[in-house]
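Structure data (mmCIF, C-alpha atoms and all ligand atoms) from upload-v6.cif:
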data_target
loop_
_atom_site.label_atom_id
_atom_site.label_comp_id
_atom_site.auth_asym_id
_atom_site.auth_seq_id
_atom_site.Cartn_x
_atom_site.Cartn_y
_atom_site.Cartn_z
CA PRO X 257 116.84 134.00 79.28
CA LEU X 258 120.51 133.69 80.27
CA VAL X 259 122.44 132.32 77.26
CA LEU X 260 126.03 131.10 77.27
CA GLY X 261 127.67 131.45 73.85
CA ILE X 262 130.74 129.60 72.58
CA GLU X 263 132.72 130.64 69.47
CA THR X 264 135.58 128.55 68.01
CA SER X 265 135.27 128.92 64.21
CA CYS X 266 138.81 130.16 63.65
CA ASP X 267 141.61 131.12 66.05
CA GLU X 268 139.64 132.80 68.87
CA THR X 269 138.16 130.81 71.75
CA GLY X 270 135.25 133.04 72.80
CA VAL X 271 132.82 132.55 75.67
CA ALA X 272 130.14 135.06 76.66
CA LEU X 273 126.98 135.36 78.72
CA VAL X 274 124.01 137.38 77.46
CA ARG X 275 120.67 138.01 79.16
CA GLY X 276 118.14 139.36 76.64
CA ASP X 277 120.23 141.97 74.81
CA ASP X 278 122.46 142.62 77.82
CA LEU X 279 126.05 141.41 77.74
CA LEU X 280 127.24 140.16 81.14
CA VAL X 281 130.74 139.01 80.17
CA ASP X 282 132.77 138.39 77.01
CA THR X 283 136.01 136.40 77.33
CA THR X 284 138.42 135.59 74.51
CA ALA X 285 141.60 133.54 74.23
CA SER X 286 143.46 133.79 70.90
CA SER X 287 146.03 131.53 69.27
CA MET X 288 146.95 134.15 66.64
CA ASP X 289 150.50 134.51 68.03
CA GLU X 290 151.10 130.85 67.16
CA HIS X 291 149.77 131.34 63.61
CA ALA X 292 151.49 134.64 62.84
CA ARG X 293 154.86 132.94 62.35
CA PHE X 294 153.33 130.60 59.72
CA GLY X 295 151.67 133.51 57.87
CA GLY X 296 148.22 131.91 58.16
CA ILE X 297 145.94 129.87 60.40
CA ILE X 298 147.01 126.22 60.77
CA PRO X 299 143.74 124.34 61.57
CA GLU X 300 145.46 121.61 63.64
CA VAL X 301 147.28 124.20 65.74
CA ALA X 302 144.06 126.19 66.23
CA SER X 303 142.09 123.04 67.22
CA ARG X 304 144.61 122.11 69.89
CA ALA X 305 144.65 125.66 71.24
CA HIS X 306 140.82 125.63 71.49
CA LEU X 307 140.94 122.30 73.31
CA GLU X 308 143.37 123.69 75.87
CA ALA X 309 141.66 127.10 76.27
CA MET X 310 138.02 125.92 76.28
CA ILE X 311 137.42 125.03 79.94
CA PRO X 312 139.60 127.83 81.40
CA THR X 313 137.78 130.37 79.20
CA ILE X 314 134.36 129.07 80.31
CA GLN X 315 135.50 129.17 83.94
CA GLN X 316 136.81 132.69 83.56
CA ALA X 317 133.55 133.92 81.99
CA ILE X 318 131.39 132.30 84.68
CA GLY X 319 133.66 133.65 87.41
CA GLU X 320 133.72 137.22 86.07
CA ALA X 321 129.94 137.34 85.59
CA ASP X 322 129.52 135.90 89.07
CA VAL X 323 126.82 133.48 87.96
CA ASP X 324 126.53 129.76 88.54
CA LEU X 325 126.44 127.44 85.52
CA SER X 326 123.12 126.09 86.84
CA GLU X 327 121.55 129.53 86.18
CA VAL X 328 122.24 129.28 82.42
CA ASP X 329 119.03 128.71 80.41
CA ALA X 330 120.52 127.75 77.04
CA ILE X 331 123.85 127.03 75.34
CA ALA X 332 124.58 128.60 71.93
CA VAL X 333 127.53 127.55 69.81
CA THR X 334 128.91 128.35 66.36
CA ALA X 335 127.89 125.47 64.06
CA GLY X 336 129.51 127.07 60.97
CA PRO X 337 130.85 128.43 58.74
CA GLY X 338 134.49 128.07 59.76
CA LEU X 339 137.25 125.50 60.15
CA VAL X 340 135.89 122.00 60.87
CA GLY X 341 138.43 121.04 63.56
CA PRO X 342 138.08 124.26 65.57
CA LEU X 343 134.26 124.22 65.18
CA THR X 344 134.17 120.64 66.46
CA ILE X 345 135.96 121.55 69.69
CA GLY X 346 133.40 124.27 70.48
CA ALA X 347 130.45 122.09 69.49
CA SER X 348 131.68 119.24 71.68
CA ALA X 349 132.07 121.53 74.68
CA ALA X 350 128.59 123.00 74.08
CA LYS X 351 127.02 119.54 73.80
CA ALA X 352 128.71 118.42 77.01
CA LEU X 353 127.40 121.51 78.83
CA ALA X 354 123.89 121.08 77.39
CA ILE X 355 123.64 117.45 78.43
CA GLY X 356 125.34 118.02 81.80
CA LEU X 357 123.10 120.96 82.72
CA GLY X 358 119.98 119.55 81.07
CA LYS X 359 119.59 122.77 79.03
CA PRO X 360 118.82 123.25 75.31
CA LEU X 361 121.55 123.58 72.69
CA TYR X 362 121.41 126.05 69.77
CA GLY X 363 123.90 125.69 66.90
CA VAL X 364 124.04 129.11 65.21
CA ASN X 365 125.60 130.83 62.19
CA HIS X 366 128.88 132.69 62.77
CA VAL X 367 128.40 135.22 59.95
CA ILE X 368 124.92 136.23 61.12
CA GLY X 369 126.41 136.49 64.62
CA HIS X 370 128.81 139.13 63.29
CA ALA X 371 125.76 141.31 62.47
CA CYS X 372 123.63 140.34 65.48
CA VAL X 373 126.25 141.41 68.05
CA ASP X 374 125.35 145.01 67.25
CA GLN X 375 122.05 144.52 69.11
CA LEU X 376 124.04 144.31 72.37
CA VAL X 377 125.51 147.73 71.67
CA HIS X 378 122.85 149.73 69.81
CA GLY X 379 119.66 147.89 70.84
CA ALA X 380 117.18 145.72 68.95
CA PHE X 381 117.17 145.94 65.15
CA PRO X 382 114.26 147.71 63.48
CA ASP X 383 111.91 145.52 61.41
CA ARG X 384 114.19 145.33 58.43
CA VAL X 385 117.93 146.04 58.20
CA MET X 386 120.64 145.59 55.60
CA ALA X 387 123.73 143.82 56.97
CA LEU X 388 127.15 143.99 55.35
CA VAL X 389 129.36 141.31 56.90
CA VAL X 390 132.99 141.75 55.94
CA SER X 391 135.64 139.50 57.45
CA GLY X 392 138.55 137.18 56.71
CA GLY X 393 136.29 134.71 54.94
CA HIS X 394 133.21 136.68 53.88
CA SER X 395 131.99 139.84 52.17
CA SER X 396 128.25 139.37 52.14
CA LEU X 397 125.17 141.54 51.85
CA LEU X 398 122.25 140.22 53.87
CA LEU X 399 118.69 141.47 54.01
CA VAL X 400 117.61 140.83 57.60
CA ASP X 401 113.86 140.76 58.24
CA ASP X 402 114.30 138.87 61.51
CA VAL X 403 117.81 138.08 62.69
CA ALA X 404 116.61 134.86 64.37
CA THR X 405 114.49 133.46 61.55
CA ASP X 406 114.55 135.41 58.29
CA VAL X 407 117.79 136.30 56.53
CA THR X 408 118.16 136.62 52.74
CA GLU X 409 121.56 136.64 51.04
CA LEU X 410 121.57 139.32 48.34
CA GLY X 411 125.17 138.88 47.27
CA SER X 412 128.69 137.99 48.28
CA THR X 413 132.24 138.02 47.02
CA LEU X 414 132.91 135.91 43.95
CA ASP X 415 136.55 135.40 44.97
CA ASP X 416 138.50 136.98 47.87
CA ALA X 417 136.84 138.44 50.97
CA ALA X 418 137.72 142.05 51.87
CA GLY X 419 139.88 141.02 54.86
CA GLU X 420 141.53 138.31 52.79
CA ALA X 421 142.40 140.86 50.07
CA PHE X 422 143.94 143.13 52.71
CA ASP X 423 145.94 140.19 54.13
CA LYS X 424 147.18 139.20 50.64
CA VAL X 425 148.20 142.75 49.73
CA GLY X 426 149.85 142.94 53.17
CA ARG X 427 151.97 139.91 52.31
CA LEU X 428 152.84 141.45 48.94
CA LEU X 429 154.05 144.62 50.70
CA GLY X 430 156.08 142.57 53.18
CA LEU X 431 153.86 143.33 56.20
CA PRO X 432 153.35 140.86 59.09
CA TYR X 433 150.31 138.53 59.11
CA PRO X 434 147.48 139.39 59.32
CA GLY X 435 148.13 142.37 57.09
CA GLY X 436 144.68 144.02 57.42
CA PRO X 437 145.40 146.19 60.48
CA HIS X 438 148.87 147.11 59.11
CA ILE X 439 147.42 148.33 55.79
CA ASP X 440 144.81 150.28 57.75
CA ARG X 441 147.57 152.04 59.73
CA LEU X 442 149.74 152.73 56.64
CA ALA X 443 146.75 153.93 54.61
CA ARG X 444 146.15 156.72 57.11
CA GLU X 445 149.52 158.20 56.13
CA GLY X 446 149.11 157.79 52.36
CA ASP X 447 147.21 159.53 49.57
CA PRO X 448 144.08 157.56 48.56
CA THR X 449 144.04 159.28 45.17
CA ALA X 450 147.71 158.53 44.35
CA ILE X 451 146.98 155.43 42.25
CA ARG X 452 143.70 154.60 40.52
CA PHE X 453 143.18 150.87 41.16
CA PRO X 454 140.26 148.98 39.50
CA ARG X 455 136.79 148.72 41.09
CA GLY X 456 135.58 145.13 40.61
CA LEU X 457 132.05 144.39 39.32
CA THR X 458 131.06 148.04 39.03
CA ALA X 459 130.82 148.19 35.22
CA ALA X 460 127.33 148.71 33.76
CA LYS X 461 127.35 145.16 32.34
CA ASP X 462 127.84 143.72 35.86
CA GLN X 463 124.87 145.56 37.33
CA ALA X 464 122.21 143.14 36.11
CA LYS X 465 123.69 139.90 37.44
CA HIS X 466 126.10 141.07 40.14
CA ALA X 467 124.59 144.24 41.59
CA ALA X 468 125.16 143.00 45.17
CA ASP X 469 128.27 140.86 44.56
CA PHE X 470 131.90 141.81 45.10
CA SER X 471 135.21 140.80 43.55
CA PHE X 472 138.61 141.74 44.94
CA SER X 473 141.05 139.33 43.30
CA GLY X 474 141.48 141.52 40.18
CA LEU X 475 142.34 144.44 42.44
CA LYS X 476 144.91 142.37 44.32
CA THR X 477 146.51 141.37 40.98
CA ALA X 478 146.51 145.01 39.86
CA VAL X 479 148.41 146.01 43.03
CA ALA X 480 150.93 143.19 42.47
CA ARG X 481 151.48 144.28 38.85
CA TRP X 482 151.84 147.94 39.81
CA VAL X 483 154.48 147.08 42.44
CA GLU X 484 156.39 144.82 40.02
CA ASN X 485 156.40 147.55 37.43
CA GLU X 486 157.88 150.09 39.83
CA GLN X 487 160.49 147.59 41.03
CA ASP X 488 161.49 146.82 37.42
CA ALA X 489 161.87 150.54 36.77
CA GLY X 490 164.11 150.79 39.85
CA ARG X 491 161.77 153.24 41.58
CA PRO X 492 161.14 153.21 45.36
CA ILE X 493 157.83 151.64 46.45
CA PRO X 494 155.47 154.24 48.00
CA VAL X 495 153.98 151.80 50.50
CA ALA X 496 151.66 154.27 52.27
CA ASP X 497 150.22 155.56 48.96
CA ILE X 498 149.67 152.00 47.72
CA ALA X 499 147.94 151.07 50.99
CA ALA X 500 145.74 154.17 50.89
CA SER X 501 144.82 153.78 47.20
CA PHE X 502 144.13 150.06 47.60
CA ALA X 503 141.99 150.63 50.73
CA GLU X 504 140.12 153.38 48.89
CA ALA X 505 139.28 151.00 46.01
CA VAL X 506 137.97 148.34 48.43
CA VAL X 507 135.83 150.62 50.58
CA ASP X 508 134.56 152.65 47.62
CA VAL X 509 133.06 149.49 46.08
CA LEU X 510 131.79 148.07 49.40
CA THR X 511 129.97 151.24 50.41
CA ALA X 512 128.64 152.20 46.95
CA LYS X 513 127.12 148.75 46.31
CA THR X 514 125.75 148.44 49.84
CA ILE X 515 124.03 151.82 49.75
CA ALA X 516 122.62 151.07 46.29
CA ALA X 517 121.18 147.83 47.73
CA CYS X 518 119.64 149.75 50.67
CA ARG X 519 117.95 152.04 48.13
CA ARG X 520 116.73 149.16 45.93
CA HIS X 521 115.19 147.40 48.93
CA ASP X 522 114.04 150.61 50.61
CA VAL X 523 115.92 149.84 53.83
CA GLY X 524 116.79 152.72 56.16
CA THR X 525 119.24 150.99 58.51
CA LEU X 526 122.63 149.49 57.66
CA VAL X 527 124.56 147.26 60.08
CA ILE X 528 128.21 146.52 59.32
CA GLY X 529 129.97 143.66 61.11
CA GLY X 530 132.82 141.15 60.87
CA GLY X 531 136.57 141.49 61.43
CA PHE X 532 137.05 143.86 58.50
CA SER X 533 134.50 146.31 59.93
CA ALA X 534 137.32 147.29 62.31
CA ASN X 535 138.88 149.00 59.27
CA SER X 536 139.04 152.76 59.74
CA GLN X 537 138.79 153.59 56.01
CA LEU X 538 135.54 151.58 55.79
CA ARG X 539 134.13 153.19 58.92
CA ALA X 540 134.85 156.69 57.63
CA LYS X 541 133.53 156.11 54.10
CA ALA X 542 130.39 154.33 55.35
CA ALA X 543 129.64 157.15 57.81
CA GLU X 544 130.08 159.78 55.08
CA ARG X 545 127.96 158.00 52.45
CA CYS X 546 125.22 156.88 54.85
CA ALA X 547 124.86 160.46 56.10
CA GLU X 548 124.49 161.65 52.48
CA ALA X 549 121.95 158.91 51.73
CA GLY X 550 119.96 159.40 54.95
CA ILE X 551 120.70 155.85 56.09
CA ASP X 552 121.06 155.06 59.78
CA LEU X 553 124.47 153.38 60.20
CA ARG X 554 125.27 150.93 62.99
CA ILE X 555 128.78 149.50 63.47
CA PRO X 556 129.74 147.87 66.77
CA PRO X 557 132.93 148.94 68.59
CA ILE X 558 136.08 147.21 67.32
CA ARG X 559 136.26 144.60 70.11
CA TYR X 560 132.94 143.17 68.85
CA CYS X 561 133.99 143.22 65.17
CA THR X 562 136.58 140.46 65.33
CA ASP X 563 135.55 136.97 66.46
CA ASN X 564 134.13 136.76 69.98
CA GLY X 565 131.69 134.82 72.14
CA ALA X 566 129.31 137.78 72.54
CA MET X 567 128.16 137.53 68.91
CA ILE X 568 127.18 133.89 69.39
CA ALA X 569 125.48 134.47 72.75
CA ALA X 570 123.61 137.45 71.19
CA LEU X 571 122.35 135.37 68.26
CA GLY X 572 121.53 132.45 70.58
CA SER X 573 119.51 134.82 72.75
CA ALA X 574 117.58 136.12 69.71
CA VAL X 575 116.89 132.56 68.51
CA VAL X 576 115.69 131.43 71.96
CA ARG X 577 113.38 134.44 72.26
CA ALA X 578 111.97 133.78 68.77
CA GLY X 579 110.83 130.37 70.01
CA VAL X 580 112.92 128.42 67.52
CA ALA X 581 113.28 124.70 68.34
CA PRO X 582 116.64 123.75 69.91
CA SER X 583 119.26 121.78 67.97
CA ALA X 584 119.52 118.01 68.24
CA LEU X 585 122.45 116.81 70.35
CA ASP X 586 123.89 114.95 67.37
CA ILE X 587 124.30 118.03 65.11
CA GLY X 588 127.47 118.24 63.09
CA VAL X 589 129.38 121.36 62.09
CA ASP X 590 129.29 122.86 58.59
CA SER X 591 132.38 124.59 57.23
CA SER X 592 130.27 126.24 54.50
CA MET X 593 126.98 126.76 56.35
CA PRO X 594 124.62 128.76 54.10
CA LEU X 595 124.13 132.37 55.22
CA THR X 596 120.34 131.90 55.10
CA THR X 597 120.57 129.23 57.85
CA VAL X 598 120.47 131.14 61.15
CA SER X 599 120.36 128.05 63.39
CA VAL X 600 120.40 124.28 62.83
P1 LIG X 701 134.73 134.66 58.94
O1 LIG X 701 134.06 135.54 59.94
O2 LIG X 701 134.33 134.96 57.53
O3 LIG X 701 134.63 133.21 59.30
P2 LIG X 701 137.23 135.21 60.21
O4 LIG X 701 136.46 134.86 61.43
O5 LIG X 701 138.57 134.61 59.95
O6 LIG X 701 136.31 135.01 58.94
P3 LIG X 701 137.37 137.75 61.39
O7 LIG X 701 138.15 137.30 62.58
O8 LIG X 701 135.95 138.13 61.54
O9 LIG X 701 137.47 136.73 60.19
O10 LIG X 701 138.18 138.93 60.70
C1 LIG X 701 139.57 138.82 60.46
C2 LIG X 701 139.92 139.64 59.23
O11 LIG X 701 139.71 141.02 59.51
C3 LIG X 701 141.36 139.48 58.79
O12 LIG X 701 141.40 139.34 57.40
C4 LIG X 701 142.01 140.80 59.24
O13 LIG X 701 143.11 141.20 58.46
C5 LIG X 701 140.86 141.75 59.05
N1 LIG X 701 141.02 142.98 59.83
C6 LIG X 701 140.99 143.14 61.17
N2 LIG X 701 141.20 144.43 61.51
C7 LIG X 701 141.35 145.12 60.33
C8 LIG X 701 141.57 146.49 59.99
N3 LIG X 701 141.68 147.44 60.91
N4 LIG X 701 141.67 146.81 58.68
C9 LIG X 701 141.54 145.85 57.73
N5 LIG X 701 141.34 144.56 57.98
C10 LIG X 701 141.25 144.19 59.27
FE FE X 702 134.49 135.92 61.94
MG MG X 703 139.96 135.80 63.89
#

Just give me the structure as structure tokens.
Ligand code: ATP
Ligand code: FE
Ligand code: MG
Amino acid sequence: PLVLGIETSCDETGVALVRGDDLLVDTTASSMDEHARFGGIIPEVASRAHLEAMIPTIQQAIGEADVDLSEVDAIAVTAGPGLVGPLTIGASAAKALAIGLGKPLYGVNHVIGHACVDQLVHGAFPDRVMALVVSGGHSSLLLVDDVATDVTELGSTLDDAAGEAFDKVGRLLGLPYPGGPHIDRLAREGDPTAIRFPRGLTAAKDQAKHAADFSFSGLKTAVARWVENEQDAGRPIPVADIAASFAEAVVDVLTAKTIAACRRHDVGTLVIGGGFSANSQLRAKAAERCAEAGIDLRIPPIRYCTDNGAMIAALGSAVVRAGVAPSALDIGVDSSMPLTTVSV
């Protein structure tokens, strides 16, 4: 089936066309430039930008793929999680297309889309995979038995997401928003062993209840305290070493806990997705540790890690092929859609 996917959960307006597991086109318009000067996403600003970009982005995708809208078999759209205003713009456009074309609508989960997009790049998932989705809003470990119908949430962050922690430490170090990519760049020049920052939820006492959960807010506070201390002592701030040591603490915990979960559940394939999977420290550490553990690692190229329409079209395509019933045309959007709900 030919599936048109629409993504508007945050600041990217994404539209893509997928046939089976083949990506025909992936078009994105971003309003990040407008948000950067506020140091964060302003939902009202993002909603208006989606409203203005929606039809031109759909037209561009259709034009580039050289297909006619009448050839589309189904419309997939992000139903959550995300920002309610932005989600509503995408859902409204998808409903209008579904009713206008007389084609089924599928409201799907953004976070599961972040994992599913890898199927477009590396082919269909094996029977059972572990998915680590790390982004601006999530750090979640998912056991995926069928990406269209059967996803179990093993754990998640108890406080900040990995990308969020990077953005907050970026702000602390005076870097532009979003800080994640800036810390990544600085960390490459620093010494990851310069400062020993804490590893959240790795103590023996946390293993029973929080084996697959993460916590990064204590780490963020530790970085803030360390910087304050140096400033008070009148010493220069070694920004690259802080970035490298902080990144090391985050990716050490993410990879160690994820690989332990793969072992516990006897899963041989790990998929990493979400905006933070663009991070080069995570990519390197995951590759090293998966090789040691004999785990097959799949991470999509960076352009499919951050928010895009391809991830939603890919998940829509999987859901259609699984024979799942379409969504009702009166579905709402859910800012905190559970990660076990693949489609609504
Ligand atoms: P969610 O998917 O949970 O709804 P989101 O859509 O806002 O959240 P994404 O767009 O998937 O998040 O990811 C954005 C996050 O990824 C930001 O926090 C950003 O700083 C981070 N990020 C992007 N590239 C890098 C990088 N190279 N290193 C570290 N962080 C990065
Ligand atoms: Fe996202
Ligand atoms: Mg984004």

Distance in Å - CA of Val367 (chain X) versus CA of Ala540 (chain X): 22.5 Å

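With a cut-off of 7 Å and using all atoms listed in the file, the polymer residues contacting ligand FE 702 (chain X) are His366, Val367, His370, Ser391, Gly392, Gly530, Gly531, Thr562 and Asp563 of chain X.
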
Who sits within 9 Å of region 329-346 of chain X, only C-alpha atoms, same chain under 6 positions skipped, as a ChimeraX atom specification: /X:257-267,269,299-300,302-307,310,353-354,359-367,369,393,565,568-573,576,587-595,599-600

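Minimum atom-to-atom distances from X:Gly474, X:Gly430, X:Gly436, X:Gly295 to ligand LIG 701 (chain X) were compared using only C-alpha atoms and all ligand atoms, and the lowest value belongs to X:Gly436.
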
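Between CA of Ala459 (chain X) and CA of Ala499 (chain X) lies a distance of 23.5 Å.
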
Around all the atoms of region 555-563 of chain X listed in the file, draw an axis-aligned box and extend it by 5 Å on each of the six sides; I want its centre and edge lengths in Å to one decimal, as AutoDock Vina command-line options.
--center_x 132.7 --center_y 143.2 --center_z 66.8 --size_x 17.8 --size_y 22.5 --size_z 16.6

Enumerate, in order of chain and increasing residue number, the residues of region 466-559 of chain X with an atom no farther than 8 Å from region 437-449 of chain X, each with its shortest atom pair and distance in Å to one decimal, counting only C-alpha atoms, as a tab-separated table.
residue	atom	partner	partner_atom	distance
X:Val495	CA	X:Leu442	CA	7.5
X:Ala496	CA	X:Gly446	CA	4.3
X:Asp497	CA	X:Gly446	CA	4.2
X:Ile498	CA	X:Gly446	CA	7.4
X:Ala499	CA	X:Ala443	CA	4.8
X:Ala500	CA	X:Ala443	CA	3.9
X:Ser501	CA	X:Pro448	CA	4.1
X:Phe502	CA	X:Pro448	CA	7.6
X:Ala503	CA	X:Ala443	CA	7.0
X:Glu504	CA	X:Pro448	CA	5.8
X:Asn535	CA	X:Asp440	CA	6.3
X:Ser536	CA	X:Asp440	CA	6.6
X:Gln537	CA	X:Asp440	CA	7.1

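Of note, CA of Leu273 (chain X) and CA of Glu327 (chain X) are spaced 10.9 Å apart.
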
Given all atoms listed in the file as the counted atoms, nearest of X:Ile558, X:Val425, X:Ala478, X:Leu388 to Thr511 (chain X): X:Leu388

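Across X:Ala549, X:Ala574, X:Leu376, X:Ala534, the tightest approach to ligand MG 703 (chain X) is made by X:Ala534 when counting all atoms listed in the file.
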
Any idea what's packed within 8 Å of region 278-282 of chain X, counting all atoms listed in the file, ignoring anything in its chain fewer than 3 positions away? Could you give it as a PDB file with C-alpha atoms, in the frame of the given file?
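Written out: selection.pdb:
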ATOM      1  CA  GLY X 270     135.250 133.040  72.800  1.00  0.00           C
ATOM      2  CA  VAL X 271     132.820 132.550  75.670  1.00  0.00           C
ATOM      3  CA  ALA X 272     130.140 135.060  76.660  1.00  0.00           C
ATOM      4  CA  LEU X 273     126.980 135.360  78.720  1.00  0.00           C
ATOM      5  CA  VAL X 274     124.010 137.380  77.460  1.00  0.00           C
ATOM      6  CA  ARG X 275     120.670 138.010  79.160  1.00  0.00           C
ATOM      7  CA  ALA X 317     133.550 133.920  81.990  1.00  0.00           C
ATOM      8  CA  GLU X 320     133.720 137.220  86.070  1.00  0.00           C
ATOM      9  CA  ALA X 321     129.940 137.340  85.590  1.00  0.00           C
ATOM     10  CA  LEU X 376     124.040 144.310  72.370  1.00  0.00           C
ATOM     11  CA  ASN X 564     134.130 136.760  69.980  1.00  0.00           C
ATOM     12  CA  GLY X 565     131.690 134.820  72.140  1.00  0.00           C
ATOM     13  CA  ALA X 566     129.310 137.780  72.540  1.00  0.00           C
TER      14      ALA X 566
END

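Shortest separation to Ala309 (chain X) among X:Asp469, X:Glu268, X:Pro432, X:Glu420 occurs at residue X:Glu268, atoms counted being all atoms listed in the file.
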
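Closest approach to ligand MG 703 (chain X) among X:Arg559, X:Lys513, X:Arg455, X:Arg293 is made by X:Arg559 (distances from all atoms listed in the file).
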
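With all atoms listed in the file as the atoms that count, the minimum distance from ligand MG 703 (chain X) to the choices X:Asp522, X:Asp289, X:Asp277, X:Asp374 is reached by X:Asp289.
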
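Omitting Thr514 (chain X) and its sequence neighbours fewer than 4 positions away, and counting all atoms listed in the file, the residues within 9 Å are Met386, Ala387, Leu388, Leu397, Ala468, Val509, Leu510, Cys518, Arg519 and Leu526 of chain X.
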